[in-house]
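With mmCIF, C-alpha atoms (C1' of nucleotides) inside, this is entry16.cif:
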```cif
data_structure
#
loop_
_atom_site.label_atom_id
_atom_site.label_comp_id
_atom_site.auth_asym_id
_atom_site.auth_seq_id
_atom_site.Cartn_x
_atom_site.Cartn_y
_atom_site.Cartn_z
CA MET A 8 16.26 -3.02 -18.57
CA THR A 9 18.37 -1.71 -21.39
CA GLY A 10 16.05 0.00 -23.85
CA LYS A 11 16.84 -2.33 -26.76
CA LEU A 12 16.19 -5.47 -24.79
CA VAL A 13 12.88 -4.27 -23.52
CA ALA A 14 11.81 -3.29 -26.99
CA ALA A 15 12.55 -6.78 -28.26
CA GLU A 16 10.87 -8.34 -25.28
CA LEU A 17 7.76 -6.26 -25.77
CA LYS A 18 7.49 -7.21 -29.39
CA ARG A 19 7.91 -10.82 -28.50
CA LYS A 20 4.93 -10.57 -26.18
CA GLY A 21 2.79 -8.81 -28.75
CA PHE A 22 2.82 -5.35 -27.18
CA LYS A 23 3.32 -2.23 -29.22
CA LEU A 24 6.22 0.07 -28.54
CA THR A 25 4.75 3.54 -28.56
CA PRO A 26 6.68 6.75 -27.96
CA GLN A 27 4.97 7.07 -24.60
CA ARG A 28 6.06 3.65 -23.49
CA ARG A 29 9.52 4.27 -24.79
CA ALA A 30 9.68 7.41 -22.66
CA ILE A 31 8.37 5.66 -19.58
CA ILE A 32 10.81 2.82 -19.92
CA GLY A 33 13.56 5.37 -20.45
CA VAL A 34 12.80 7.15 -17.21
CA ILE A 35 12.69 3.95 -15.21
CA SER A 36 15.82 2.44 -16.63
CA GLN A 37 17.81 5.61 -16.15
CA SER A 38 16.83 6.01 -12.52
CA GLN A 39 18.76 4.43 -9.72
CA GLU A 40 15.87 5.00 -7.36
CA HIS A 41 12.48 3.42 -7.05
CA LEU A 42 9.74 5.56 -8.51
CA THR A 43 6.04 5.84 -7.94
CA PRO A 44 3.67 6.28 -10.86
CA ALA A 45 3.39 9.92 -9.84
CA ASP A 46 7.18 10.30 -9.80
CA ILE A 47 7.44 8.95 -13.30
CA TYR A 48 4.61 11.13 -14.51
CA ALA A 49 6.31 14.19 -13.06
CA LYS A 50 9.61 13.41 -14.77
CA LEU A 51 7.84 12.84 -18.04
CA LYS A 52 5.80 15.99 -18.06
CA ALA A 53 9.02 17.97 -18.06
CA LYS A 54 10.20 16.56 -21.40
CA HIS A 55 7.47 14.76 -23.30
CA ARG A 56 4.47 17.05 -23.31
CA GLY A 57 0.95 15.78 -23.24
CA ILE A 58 1.48 12.36 -21.76
CA GLY A 59 -1.24 11.22 -19.38
CA LEU A 60 -0.90 9.76 -15.91
CA VAL A 61 -3.30 7.06 -17.02
CA THR A 62 -0.83 5.98 -19.63
CA VAL A 63 1.86 5.70 -16.99
CA TYR A 64 -0.34 3.46 -14.92
CA ARG A 65 -1.17 1.30 -17.89
CA ALA A 66 2.43 1.00 -18.99
CA LEU A 67 3.51 0.08 -15.49
CA ASN A 68 0.85 -2.59 -15.20
CA MET A 69 1.89 -4.02 -18.51
CA LEU A 70 5.58 -4.00 -17.64
CA GLU A 71 4.91 -5.56 -14.29
CA ARG A 72 2.75 -8.31 -15.76
CA SER A 73 5.56 -8.96 -18.21
CA GLY A 74 7.98 -9.27 -15.31
CA MET A 75 10.12 -6.34 -16.34
CA LEU A 76 9.65 -4.39 -13.14
CA CYS A 77 9.63 -5.16 -9.45
CA GLU A 78 8.29 -3.53 -6.35
CA VAL A 79 10.12 -2.15 -3.37
CA HIS A 80 8.32 -2.63 -0.07
CA ILE A 81 10.53 -1.36 2.66
CA GLY A 82 10.84 2.31 3.51
CA ASP A 83 8.37 5.12 3.91
CA THR A 84 5.73 4.02 1.50
CA CYS A 85 5.14 0.54 0.32
CA ARG A 86 2.73 -0.06 -2.45
CA SER A 87 3.74 -0.01 -6.09
CA TYR A 88 7.15 1.54 -5.86
CA LEU A 89 8.98 0.13 -8.80
CA LYS A 90 12.35 -0.72 -10.16
CA ARG A 91 14.35 -2.46 -12.81
CA PRO A 92 15.81 -5.86 -13.36
CA SER A 93 14.62 -9.44 -13.46
CA GLY A 94 15.80 -12.76 -12.12
CA HIS A 95 15.95 -13.71 -8.47
CA HIS A 96 17.37 -10.81 -6.54
CA HIS A 97 16.80 -8.61 -3.53
CA HIS A 98 16.97 -4.94 -2.74
CA LEU A 99 19.13 -2.84 -0.53
CA VAL A 100 17.34 0.46 -0.19
CA CYS A 101 18.92 3.71 0.95
CA LYS A 102 16.57 5.64 3.16
CA GLY A 103 18.52 8.80 2.51
CA CYS A 104 18.30 9.14 -1.25
CA GLY A 105 16.10 6.22 -2.27
CA LYS A 106 18.82 4.54 -4.28
CA VAL A 107 18.37 0.81 -4.66
CA VAL A 108 21.18 -1.70 -5.02
CA ASP A 109 20.50 -5.30 -5.94
CA PHE A 110 22.06 -8.45 -4.64
CA SER A 111 21.20 -12.03 -5.42
CA ASP A 112 23.03 -14.36 -3.05
CA CYS A 113 20.40 -14.53 -0.35
CA GLU A 114 21.30 -17.94 1.06
CA LEU A 115 17.91 -18.51 2.56
CA ASP A 116 17.72 -22.16 1.61
CA ASP A 117 18.86 -23.42 4.99
CA LEU A 118 16.46 -21.19 6.82
CA GLU A 119 13.68 -22.15 4.47
CA GLN A 120 14.29 -25.82 5.11
CA ARG A 121 14.31 -25.36 8.85
CA VAL A 122 11.11 -23.36 8.79
CA THR A 123 9.51 -25.97 6.58
CA GLN A 124 10.46 -28.70 9.04
CA ASP A 125 9.19 -26.75 12.02
CA THR A 126 5.88 -25.71 10.53
CA GLY A 127 4.99 -28.07 7.71
CA PHE A 128 4.49 -25.16 5.32
CA ARG A 129 5.47 -25.65 1.71
CA ILE A 130 7.34 -22.46 0.88
CA ASP A 131 6.98 -20.92 -2.57
CA ARG A 132 8.52 -17.54 -2.40
CA HIS A 133 10.27 -15.09 -0.13
CA LEU A 134 10.55 -11.36 0.21
CA LEU A 135 13.80 -9.98 1.53
CA GLU A 136 14.85 -6.35 1.60
CA PHE A 137 17.41 -4.39 3.56
CA LEU A 138 16.99 -0.79 4.55
CA GLY A 139 20.00 1.36 5.30
CA ARG A 140 22.06 4.30 4.27
CA CYS A 141 24.38 4.37 1.28
CA PRO A 142 27.99 5.56 1.59
CA GLU A 143 27.20 8.96 0.04
CA CYS A 144 24.34 9.59 2.40
CA GLN A 145 26.45 8.54 5.36
CA ALA A 146 29.12 11.05 4.39
CA GLY A 147 27.13 14.11 3.43
CA ARG A 148 24.17 14.62 5.73
CA ARG A 149 21.94 14.26 2.67
CA GLY A 150 18.36 13.05 2.52
CA LYS A 151 15.52 12.76 4.96
CA SER A 152 15.17 10.94 8.28
CA MET B 22 -1.24 -9.09 22.19
CA THR B 23 -3.13 -10.58 25.13
CA GLY B 24 -5.98 -8.23 26.06
CA LYS B 25 -4.69 -7.40 29.53
CA LEU B 26 -1.22 -6.49 28.38
CA VAL B 27 -2.47 -4.19 25.68
CA ALA B 28 -4.79 -2.45 28.10
CA ALA B 29 -1.90 -1.73 30.44
CA GLU B 30 0.32 -0.65 27.58
CA LEU B 31 -2.30 1.74 26.26
CA LYS B 32 -2.80 3.34 29.63
CA ARG B 33 0.92 3.72 30.00
CA LYS B 34 1.04 5.65 26.75
CA GLY B 35 -1.84 7.88 27.71
CA PHE B 36 -4.44 6.42 25.39
CA LYS B 37 -7.94 5.62 26.49
CA LEU B 38 -9.27 2.12 26.32
CA THR B 39 -12.76 2.57 24.93
CA PRO B 40 -15.23 -0.25 24.22
CA GLN B 41 -14.64 0.24 20.51
CA ARG B 42 -10.90 -0.12 20.85
CA ARG B 43 -11.37 -3.07 23.12
CA ALA B 44 -13.48 -4.71 20.44
CA ILE B 45 -10.99 -3.93 17.68
CA ILE B 46 -8.09 -5.29 19.68
CA GLY B 47 -10.15 -8.35 20.47
CA VAL B 48 -10.78 -9.11 16.83
CA ILE B 49 -7.15 -8.71 15.89
CA SER B 50 -5.71 -10.74 18.72
CA GLN B 51 -8.15 -13.57 18.17
CA SER B 52 -7.40 -13.85 14.49
CA GLN B 53 -4.65 -16.04 13.13
CA GLU B 54 -4.81 -14.23 9.82
CA HIS B 55 -3.78 -10.80 8.73
CA LEU B 56 -6.73 -8.46 8.41
CA THR B 57 -7.39 -5.31 6.47
CA PRO B 58 -9.23 -2.41 8.06
CA ALA B 59 -12.25 -3.47 6.05
CA ASP B 60 -11.98 -7.06 7.32
CA ILE B 61 -11.94 -5.86 10.88
CA TYR B 62 -14.84 -3.55 10.29
CA ALA B 63 -16.86 -6.39 8.80
CA LYS B 64 -16.20 -8.67 11.75
CA LEU B 65 -17.14 -5.91 14.16
CA LYS B 66 -20.38 -4.93 12.53
CA ALA B 67 -21.65 -8.43 13.16
CA LYS B 68 -21.36 -8.14 16.95
CA HIS B 69 -20.85 -4.56 18.09
CA ARG B 70 -23.48 -2.49 16.35
CA GLY B 71 -22.88 1.06 15.31
CA ILE B 72 -19.10 1.11 15.19
CA GLY B 73 -17.61 3.20 12.39
CA LEU B 74 -14.99 2.26 9.84
CA VAL B 75 -13.29 5.53 10.67
CA THR B 76 -12.82 4.39 14.22
CA VAL B 77 -11.20 1.22 12.98
CA TYR B 78 -8.73 3.23 10.93
CA ARG B 79 -7.96 5.49 13.85
CA ALA B 80 -7.48 2.61 16.25
CA LEU B 81 -5.22 0.84 13.80
CA ASN B 82 -3.08 3.92 13.29
CA MET B 83 -2.75 4.37 17.00
CA LEU B 84 -1.86 0.75 17.61
CA GLU B 85 0.65 0.79 14.82
CA ARG B 86 2.31 3.96 16.07
CA SER B 87 2.49 2.31 19.48
CA GLY B 88 4.22 -0.67 17.91
CA MET B 89 1.49 -3.15 18.79
CA LEU B 90 0.76 -4.20 15.26
CA CYS B 91 2.78 -5.09 12.23
CA GLU B 92 2.19 -5.27 8.54
CA VAL B 93 2.29 -8.19 6.18
CA HIS B 94 3.64 -7.36 2.75
CA ILE B 95 3.81 -10.52 0.78
CA GLY B 96 0.79 -12.05 -0.93
CA ASP B 97 -2.02 -10.63 -2.99
CA THR B 98 -2.29 -7.20 -1.50
CA CYS B 99 0.37 -5.36 0.33
CA ARG B 100 -0.50 -2.20 2.05
CA SER B 101 -1.70 -2.07 5.65
CA TYR B 102 -2.50 -5.70 6.22
CA LEU B 103 -1.96 -6.14 9.90
CA LYS B 104 -1.10 -8.60 12.58
CA ARG B 105 -0.14 -9.13 16.16
CA PRO B 106 2.99 -9.43 18.19
CA SER B 107 6.09 -7.41 18.90
CA GLY B 108 9.82 -8.02 19.07
CA HIS B 109 12.01 -8.97 16.15
CA HIS B 110 10.24 -11.60 14.14
CA HIS B 111 9.21 -12.55 10.63
CA HIS B 112 6.14 -13.91 8.95
CA LEU B 113 5.35 -17.11 7.18
CA VAL B 114 2.14 -16.46 5.28
CA CYS B 115 -0.20 -19.10 3.92
CA LYS B 116 -1.54 -18.10 0.56
CA GLY B 117 -4.37 -20.57 0.93
CA CYS B 118 -6.07 -19.36 4.10
CA GLY B 119 -4.07 -16.26 5.02
CA LYS B 120 -2.85 -17.72 8.28
CA VAL B 121 0.39 -16.19 9.52
CA VAL B 122 2.99 -18.00 11.58
CA ASP B 123 5.87 -16.14 13.17
CA PHE B 124 9.49 -17.07 13.49
CA SER B 125 12.36 -15.12 14.88
CA ASP B 126 15.64 -16.89 14.11
CA CYS B 127 16.36 -15.22 10.81
CA GLU B 128 20.14 -15.56 10.88
CA LEU B 129 20.71 -12.72 8.49
CA ASP B 130 23.70 -11.31 10.32
CA ASP B 131 26.25 -12.99 8.08
CA LEU B 132 24.48 -11.88 4.95
CA GLU B 133 24.08 -8.39 6.34
CA GLN B 134 27.79 -8.17 7.04
CA ARG B 135 28.72 -9.35 3.61
CA VAL B 136 26.35 -6.94 1.92
CA THR B 137 27.70 -4.13 4.05
CA GLN B 138 31.25 -4.98 3.00
CA ASP B 139 30.33 -5.17 -0.65
CA THR B 140 28.32 -1.99 -0.84
CA GLY B 141 29.34 0.26 2.04
CA PHE B 142 25.73 0.63 3.12
CA ARG B 143 25.02 0.89 6.83
CA ILE B 144 22.08 -1.45 7.32
CA ASP B 145 19.36 -0.54 9.81
CA ARG B 146 16.55 -2.90 9.22
CA HIS B 147 15.41 -5.81 7.13
CA LEU B 148 12.13 -7.16 5.85
CA LEU B 149 11.83 -10.89 5.46
CA GLU B 150 8.67 -12.84 4.72
CA PHE B 151 7.97 -16.29 3.36
CA LEU B 152 4.96 -17.16 1.31
CA GLY B 153 3.71 -20.71 1.12
CA ARG B 154 0.95 -23.10 1.94
CA CYS B 155 0.17 -24.39 5.41
CA PRO B 156 -0.26 -28.12 6.11
CA GLU B 157 -4.07 -27.87 6.24
CA CYS B 158 -4.24 -26.09 2.92
CA GLN B 159 -1.89 -28.61 1.36
CA ALA B 160 -4.14 -31.45 2.48
CA GLY B 161 -7.62 -30.17 1.73
CA ARG B 162 -7.73 -28.21 -1.50
CA ARG B 163 -8.83 -25.18 0.53
CA GLY B 164 -8.34 -21.52 -0.31
CA LYS B 165 -7.65 -19.51 -3.43
CA SER B 166 -4.82 -19.56 -5.96
"C1'" DG C 12 -0.88 3.24 -48.23
"C1'" DC C 13 -4.54 0.52 -45.72
"C1'" DC C 14 -6.58 -2.06 -42.10
"C1'" DT C 15 -7.20 -3.74 -37.55
"C1'" DA C 16 -6.40 -4.14 -33.03
"C1'" DA C 17 -3.98 -2.00 -29.55
"C1'" DT C 18 -3.11 2.39 -27.38
"C1'" DT C 19 -3.99 6.84 -25.88
"C1'" DG C 20 -6.00 10.87 -23.14
"C1'" DA C 21 -9.76 13.12 -20.74
"C1'" DA C 22 -13.29 12.59 -17.78
"C1'" DA C 23 -15.83 9.89 -14.80
"C1'" DA C 24 -16.02 6.14 -11.58
"C1'" DT C 25 -14.27 3.63 -7.88
"C1'" DG C 26 -11.97 2.56 -3.56
"C1'" DA C 27 -9.20 3.44 0.24
"C1'" DT C 28 -7.93 6.56 3.69
"C1'" DT C 29 -8.00 11.04 6.09
"C1'" DT C 30 -10.02 15.31 7.66
"C1'" DT C 31 -13.58 18.08 9.57
"C1'" DC C 32 -16.78 18.99 12.91
"C1'" DA C 33 -20.24 18.59 16.22
"C1'" DT C 34 -21.26 15.60 19.91
"C1'" DC C 35 -20.24 12.50 23.58
"C1'" DC C 36 -18.03 10.65 27.67
"C1'" DA C 37 -14.67 9.85 31.23
"C1'" DT C 38 -11.80 12.03 34.32
"C1'" DA C 39 -9.74 15.57 37.15
"C1'" DA C 40 -10.72 20.03 39.34
"C1'" DC C 41 -13.45 22.64 42.00
"C1'" DG D 20 -22.07 16.85 42.98
"C1'" DT D 21 -21.32 19.95 39.36
"C1'" DT D 22 -18.32 21.69 36.01
"C1'" DA D 23 -14.50 22.21 32.87
"C1'" DT D 24 -11.27 19.50 29.81
"C1'" DG D 25 -9.48 16.68 26.43
"C1'" DG D 26 -9.54 12.65 24.03
"C1'" DA D 27 -12.70 9.61 21.29
"C1'" DT D 28 -16.52 8.83 18.33
"C1'" DG D 29 -19.48 8.79 13.99
"C1'" DA D 30 -21.27 10.84 9.81
"C1'" DA D 31 -20.30 13.32 6.01
"C1'" DA D 32 -17.13 15.50 3.16
"C1'" DA D 33 -12.54 15.80 1.34
"C1'" DT D 34 -8.55 13.83 -0.53
"C1'" DC D 35 -5.67 10.77 -2.99
"C1'" DA D 36 -4.52 6.77 -5.76
"C1'" DT D 37 -6.03 3.81 -9.19
"C1'" DT D 38 -9.21 1.93 -12.71
"C1'" DT D 39 -12.79 2.15 -16.13
"C1'" DT D 40 -15.19 4.12 -20.02
"C1'" DC D 41 -15.23 5.84 -24.46
"C1'" DA D 42 -14.14 8.18 -28.57
"C1'" DA D 43 -10.19 9.33 -31.27
"C1'" DT D 44 -5.54 8.06 -32.73
"C1'" DT D 45 -1.70 5.21 -34.09
"C1'" DA D 46 1.72 1.22 -34.59
"C1'" DG D 47 2.81 -2.58 -37.23
"C1'" DG D 48 1.63 -6.21 -40.39
"C1'" DC D 49 -0.14 -6.71 -44.94
#
```

Whole structure given in structure tokens:
Amino acid sequence: MTGKLVAAELKRKGFKLTPQRRAIIGVISQSQEHLTPADIYAKLKAKHRGIGLVTVYRALNMLERSGMLCEVHIGDTCRSYLKRPSGHHHHLVCKGCGKVVDFSDCELDDLEQRVTQDTGFRIDRHLLEFLGRCPECQAGRRGKS
Amino acid sequence: MTGKLVAAELKRKGFKLTPQRRAIIGVISQSQEHLTPADIYAKLKAKHRGIGLVTVYRALNMLERSGMLCEVHIGDTCRSYLKRPSGHHHHLVCKGCGKVVDFSDCELDDLEQRVTQDTGFRIDRHLLEFLGRCPECQAGRRGKS
DNA sequence: GCCTAATTGAAAATGATTTTCATCCATAAC
DNA sequence: GTTATGGATGAAAATCATTTTCAATTAGGC
């Protein structure tokens, strides 16, 4: 989600690029962590005065419908934690600092095939996330838990 | 979660097995699908008169803290959908009827090791779910979506 | 610059979940 | 057998997240 690209993408889909949205996208793309709507709102209030939490929610919904965001499920909370890129990928979440690293080679095809054979399900989609502790959080006794 | 076992387990942990809890556990263990608190409450009101939604929430929290329930993340909703067993396992969710089938041979050790090498993370836990359509829902055009 | 439809913010509405509190009930203590 | 005790219950209220409503504003094409 590199500012420019998103801008172009938004235009292509007929959305307007307002200063508020620009700011919201900025916050998300600069953060290595997954952020809740409230997190984003908090970061925004510091700089851009007068932005509403409602606008954050609306922007997030729009960006998610456009496939420019994705959720993180594992960890303390679950619902509507968000993050960056697109394309098939999975998350490796640090439970110390919340940082999220992506990886894409999930190699679940074999398993998927076996499960399909065993159960007769037709599988559409999978959700895979790892939870752990990043090198920094292992070293310094940073973070929660 | 076979009635008897849960009863014993609850006693062991110092919880009381009240008629309400018995009913709640009954509903959950009889269902093949994942149920929200509201779902459970609805099923209960039919039979056991006068039970409160609050009690359902409290029972669910207790059962979850005791490790007798687990959440389902994938699908329409995410938060606090619940289901049965214990031990390391994963879910195969039917997006037609909501049925959930378990499987345990996830074979993610190799992948985990590789990710650990690449990133330096120490991995504690993973979340893996498949979403698909069960044989019945493939045959009859049952369910949503 | 003007027009239109999309966007915004505040307040209200909604929905889910938790807390409070008085009451109830089973059990252990006497 | 009665009494104290603590956990459990239900109703109502409180809280928190999210969505809707609505009037005012603004981006982007003309």

I'm after chain B in the frame of chain A: fit it by least squares over all Cα atoms matched in order, and give me the output as a compact mmCIF listing (two decimals) with C-alpha atoms, in the coordinates of the input.
```txt
# COMPACT_ATOMS: atom_id res chain seq x y z
CA MET B 22 16.27 -3.20 -18.54
CA THR B 23 18.43 -1.89 -21.38
CA GLY B 24 16.17 -0.17 -23.93
CA LYS B 25 16.89 -2.57 -26.78
CA LEU B 26 16.17 -5.68 -24.78
CA VAL B 27 12.87 -4.39 -23.51
CA ALA B 28 11.81 -3.41 -27.00
CA ALA B 29 12.46 -6.93 -28.25
CA GLU B 30 10.76 -8.45 -25.23
CA LEU B 31 7.68 -6.31 -25.71
CA LYS B 32 7.37 -7.24 -29.34
CA ARG B 33 7.74 -10.87 -28.44
CA LYS B 34 4.80 -10.58 -26.09
CA GLY B 35 2.66 -8.81 -28.63
CA PHE B 36 2.73 -5.36 -27.09
CA LYS B 37 3.33 -2.24 -29.08
CA LEU B 38 6.26 -0.02 -28.38
CA THR B 39 4.80 3.46 -28.54
CA PRO B 40 6.73 6.70 -27.97
CA GLN B 41 5.01 7.08 -24.62
CA ARG B 42 6.05 3.64 -23.47
CA ARG B 43 9.52 4.22 -24.78
CA ALA B 44 9.70 7.37 -22.69
CA ILE B 45 8.36 5.65 -19.57
CA ILE B 46 10.80 2.79 -19.90
CA GLY B 47 13.57 5.28 -20.44
CA VAL B 48 12.83 7.10 -17.22
CA ILE B 49 12.68 3.92 -15.20
CA SER B 50 15.81 2.34 -16.59
CA GLN B 51 17.82 5.51 -16.15
CA SER B 52 16.84 5.94 -12.54
CA GLN B 53 18.78 4.39 -9.70
CA GLU B 54 15.88 4.99 -7.36
CA HIS B 55 12.49 3.42 -7.03
CA LEU B 56 9.77 5.60 -8.50
CA THR B 57 6.06 5.90 -7.95
CA PRO B 58 3.70 6.36 -10.87
CA ALA B 59 3.46 9.99 -9.87
CA ASP B 60 7.27 10.36 -9.84
CA ILE B 61 7.48 8.98 -13.33
CA TYR B 62 4.69 11.19 -14.53
CA ALA B 63 6.43 14.24 -13.10
CA LYS B 64 9.71 13.41 -14.81
CA LEU B 65 7.92 12.85 -18.09
CA LYS B 66 5.92 16.02 -18.10
CA ALA B 67 9.16 17.96 -18.09
CA LYS B 68 10.33 16.54 -21.42
CA HIS B 69 7.55 14.78 -23.30
CA ARG B 70 4.60 17.13 -23.32
CA GLY B 71 1.06 15.91 -23.23
CA ILE B 72 1.56 12.46 -21.77
CA GLY B 73 -1.15 11.32 -19.37
CA LEU B 74 -0.82 9.88 -15.89
CA VAL B 75 -3.25 7.20 -16.98
CA THR B 76 -0.82 6.07 -19.62
CA VAL B 77 1.88 5.79 -17.00
CA TYR B 78 -0.33 3.55 -14.89
CA ARG B 79 -1.21 1.41 -17.86
CA ALA B 80 2.39 1.06 -18.97
CA LEU B 81 3.46 0.16 -15.46
CA ASN B 82 0.79 -2.50 -15.15
CA MET B 83 1.79 -3.98 -18.45
CA LEU B 84 5.47 -3.99 -17.60
CA GLU B 85 4.80 -5.52 -14.24
CA ARG B 86 2.61 -8.26 -15.68
CA SER B 87 5.41 -8.95 -18.15
CA GLY B 88 7.83 -9.28 -15.26
CA MET B 89 10.00 -6.35 -16.29
CA LEU B 90 9.55 -4.39 -13.12
CA CYS B 91 9.57 -5.15 -9.45
CA GLU B 92 8.28 -3.51 -6.34
CA VAL B 93 10.11 -2.14 -3.36
CA HIS B 94 8.30 -2.63 -0.08
CA ILE B 95 10.50 -1.37 2.66
CA GLY B 96 10.80 2.30 3.53
CA ASP B 97 8.30 5.09 3.93
CA THR B 98 5.66 3.99 1.50
CA CYS B 99 5.06 0.52 0.30
CA ARG B 100 2.66 -0.02 -2.47
CA SER B 101 3.68 0.02 -6.13
CA TYR B 102 7.09 1.58 -5.85
CA LEU B 103 8.94 0.16 -8.79
CA LYS B 104 12.31 -0.73 -10.12
CA ARG B 105 14.26 -2.49 -12.79
CA PRO B 106 15.77 -5.86 -13.37
CA SER B 107 14.67 -9.46 -13.48
CA GLY B 108 15.87 -12.77 -12.11
CA HIS B 109 16.01 -13.70 -8.46
CA HIS B 110 17.40 -10.79 -6.54
CA HIS B 111 16.82 -8.59 -3.52
CA HIS B 112 16.97 -4.92 -2.74
CA LEU B 113 19.13 -2.82 -0.52
CA VAL B 114 17.34 0.49 -0.18
CA CYS B 115 18.89 3.75 0.95
CA LYS B 116 16.53 5.66 3.15
CA GLY B 117 18.49 8.83 2.53
CA CYS B 118 18.28 9.16 -1.24
CA GLY B 119 16.09 6.22 -2.25
CA LYS B 120 18.82 4.57 -4.27
CA VAL B 121 18.37 0.82 -4.65
CA VAL B 122 21.20 -1.66 -5.00
CA ASP B 123 20.53 -5.27 -5.92
CA PHE B 124 22.06 -8.44 -4.63
CA SER B 125 21.23 -12.00 -5.40
CA ASP B 126 23.09 -14.32 -3.01
CA CYS B 127 20.45 -14.49 -0.32
CA GLU B 128 21.38 -17.90 1.08
CA LEU B 129 17.99 -18.51 2.56
CA ASP B 130 17.83 -22.16 1.60
CA ASP B 131 18.95 -23.42 5.00
CA LEU B 132 16.50 -21.20 6.81
CA GLU B 133 13.75 -22.17 4.40
CA GLN B 134 14.39 -25.84 5.06
CA ARG B 135 14.35 -25.41 8.78
CA VAL B 136 11.15 -23.40 8.71
CA THR B 137 9.57 -26.01 6.48
CA GLN B 138 10.52 -28.74 8.94
CA ASP B 139 9.20 -26.81 11.90
CA THR B 140 5.91 -25.76 10.41
CA GLY B 141 5.06 -28.13 7.56
CA PHE B 142 4.56 -25.22 5.20
CA ARG B 143 5.57 -25.69 1.58
CA ILE B 144 7.44 -22.49 0.78
CA ASP B 145 7.10 -20.94 -2.68
CA ARG B 146 8.60 -17.55 -2.47
CA HIS B 147 10.32 -15.12 -0.18
CA LEU B 148 10.58 -11.38 0.17
CA LEU B 149 13.81 -9.98 1.51
CA GLU B 150 14.83 -6.33 1.60
CA PHE B 151 17.38 -4.37 3.57
CA LEU B 152 16.96 -0.78 4.55
CA GLY B 153 19.95 1.38 5.31
CA ARG B 154 22.01 4.33 4.30
CA CYS B 155 24.34 4.41 1.32
CA PRO B 156 27.95 5.62 1.65
CA GLU B 157 27.18 9.02 0.09
CA CYS B 158 24.30 9.64 2.44
CA GLN B 159 26.40 8.60 5.41
CA ALA B 160 29.07 11.12 4.44
CA GLY B 161 27.07 14.19 3.48
CA ARG B 162 24.07 14.68 5.72
CA ARG B 163 21.87 14.29 2.64
CA GLY B 164 18.28 13.09 2.48
CA LYS B 165 15.40 12.80 4.90
CA SER B 166 14.95 10.93 8.17
```

Expanded to explicit residues, what is the PyMOL selection byres ((chain A) within 9 of (chain C)) for this file, as a ChimeraX atom specification?
-> /A:22-23,25,57-62

If you keep C-alpha atoms, can you produce a file of those selected residues as a PDB file, in the coordinates of the input?
```pdb
ATOM      1  CA  PHE A  22       2.820  -5.350 -27.180  1.00  0.00           C
ATOM      2  CA  LYS A  23       3.320  -2.230 -29.220  1.00  0.00           C
ATOM      3  CA  THR A  25       4.750   3.540 -28.560  1.00  0.00           C
ATOM      4  CA  GLY A  57       0.950  15.780 -23.240  1.00  0.00           C
ATOM      5  CA  ILE A  58       1.480  12.360 -21.760  1.00  0.00           C
ATOM      6  CA  GLY A  59      -1.240  11.220 -19.380  1.00  0.00           C
ATOM      7  CA  LEU A  60      -0.900   9.760 -15.910  1.00  0.00           C
ATOM      8  CA  VAL A  61      -3.300   7.060 -17.020  1.00  0.00           C
ATOM      9  CA  THR A  62      -0.830   5.980 -19.630  1.00  0.00           C
TER      10      THR A  62
END
```

May I ask you to extract the residues of chain A within 12 Å of chain D, using all atoms listed in the file, and to give them as a list in words?
->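 Those within range of chain D come out as Lys18, Gly21, Phe22, Lys23, Leu24, Thr25, Pro26, Gln27, Thr43, Pro44, Ala45, Leu60, Val61, Thr62, Val63, Tyr64, Arg65, Asn68, Arg86 and Ser87 of chain A.
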
Mind listing as a PDB file with C-alpha atoms, in the coordinates of the input which residues of chain A are within 6 Å of chain B, counting all atoms listed in the file?
```
ATOM      1  CA  ARG A  86       2.730  -0.060  -2.450  1.00  0.00           C
ATOM      2  CA  GLY A 127       4.990 -28.070   7.710  1.00  0.00           C
ATOM      3  CA  PHE A 128       4.490 -25.160   5.320  1.00  0.00           C
ATOM      4  CA  ARG A 129       5.470 -25.650   1.710  1.00  0.00           C
ATOM      5  CA  ILE A 130       7.340 -22.460   0.880  1.00  0.00           C
ATOM      6  CA  ASP A 131       6.980 -20.920  -2.570  1.00  0.00           C
ATOM      7  CA  ARG A 132       8.520 -17.540  -2.400  1.00  0.00           C
ATOM      8  CA  HIS A 133      10.270 -15.090  -0.130  1.00  0.00           C
ATOM      9  CA  LEU A 134      10.550 -11.360   0.210  1.00  0.00           C
ATOM     10  CA  LEU A 135      13.800  -9.980   1.530  1.00  0.00           C
ATOM     11  CA  GLU A 136      14.850  -6.350   1.600  1.00  0.00           C
ATOM     12  CA  PHE A 137      17.410  -4.390   3.560  1.00  0.00           C
ATOM     13  CA  LEU A 138      16.990  -0.790   4.550  1.00  0.00           C
ATOM     14  CA  GLY A 139      20.000   1.360   5.300  1.00  0.00           C
ATOM     15  CA  ARG A 140      22.060   4.300   4.270  1.00  0.00           C
ATOM     16  CA  CYS A 141      24.380   4.370   1.280  1.00  0.00           C
ATOM     17  CA  PRO A 142      27.990   5.560   1.590  1.00  0.00           C
TER      18      PRO A 142
END
```

Tell me, in Å to one decimal, how far CA of Arg42 in chain B is from CA of Glu30 in chain B.
-> 13.1 Å

Could you pull out every residue with an atom within 7 Å of (7.4, -7.9, -20.1), file coordinates, counting all atoms listed in the file, and send them as a PyMOL selection string?
-> chain A and resi 16-17+69-75

What is the CA of His111 in chain B-CA of Ser125 in chain B distance in Å, reported with one decimal?
->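 Rounded to one decimal, the two atoms are 5.9 Å apart.
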
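For the pair CA of Lys50 in chain A and CA of Gln37 in chain A, the separation is 11.4 Å.
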
With 8 Å added on each side, what axis-aligned box encloses every listed atom of range 39-51 of chain B? Give the centre and edge lengths in Å to one decimal, as AutoDock Vina command-line options.
```
--center_x -10.5 --center_y -5.5 --center_z 20.4 --size_x 25.5 --size_y 32.1 --size_z 25.0
```
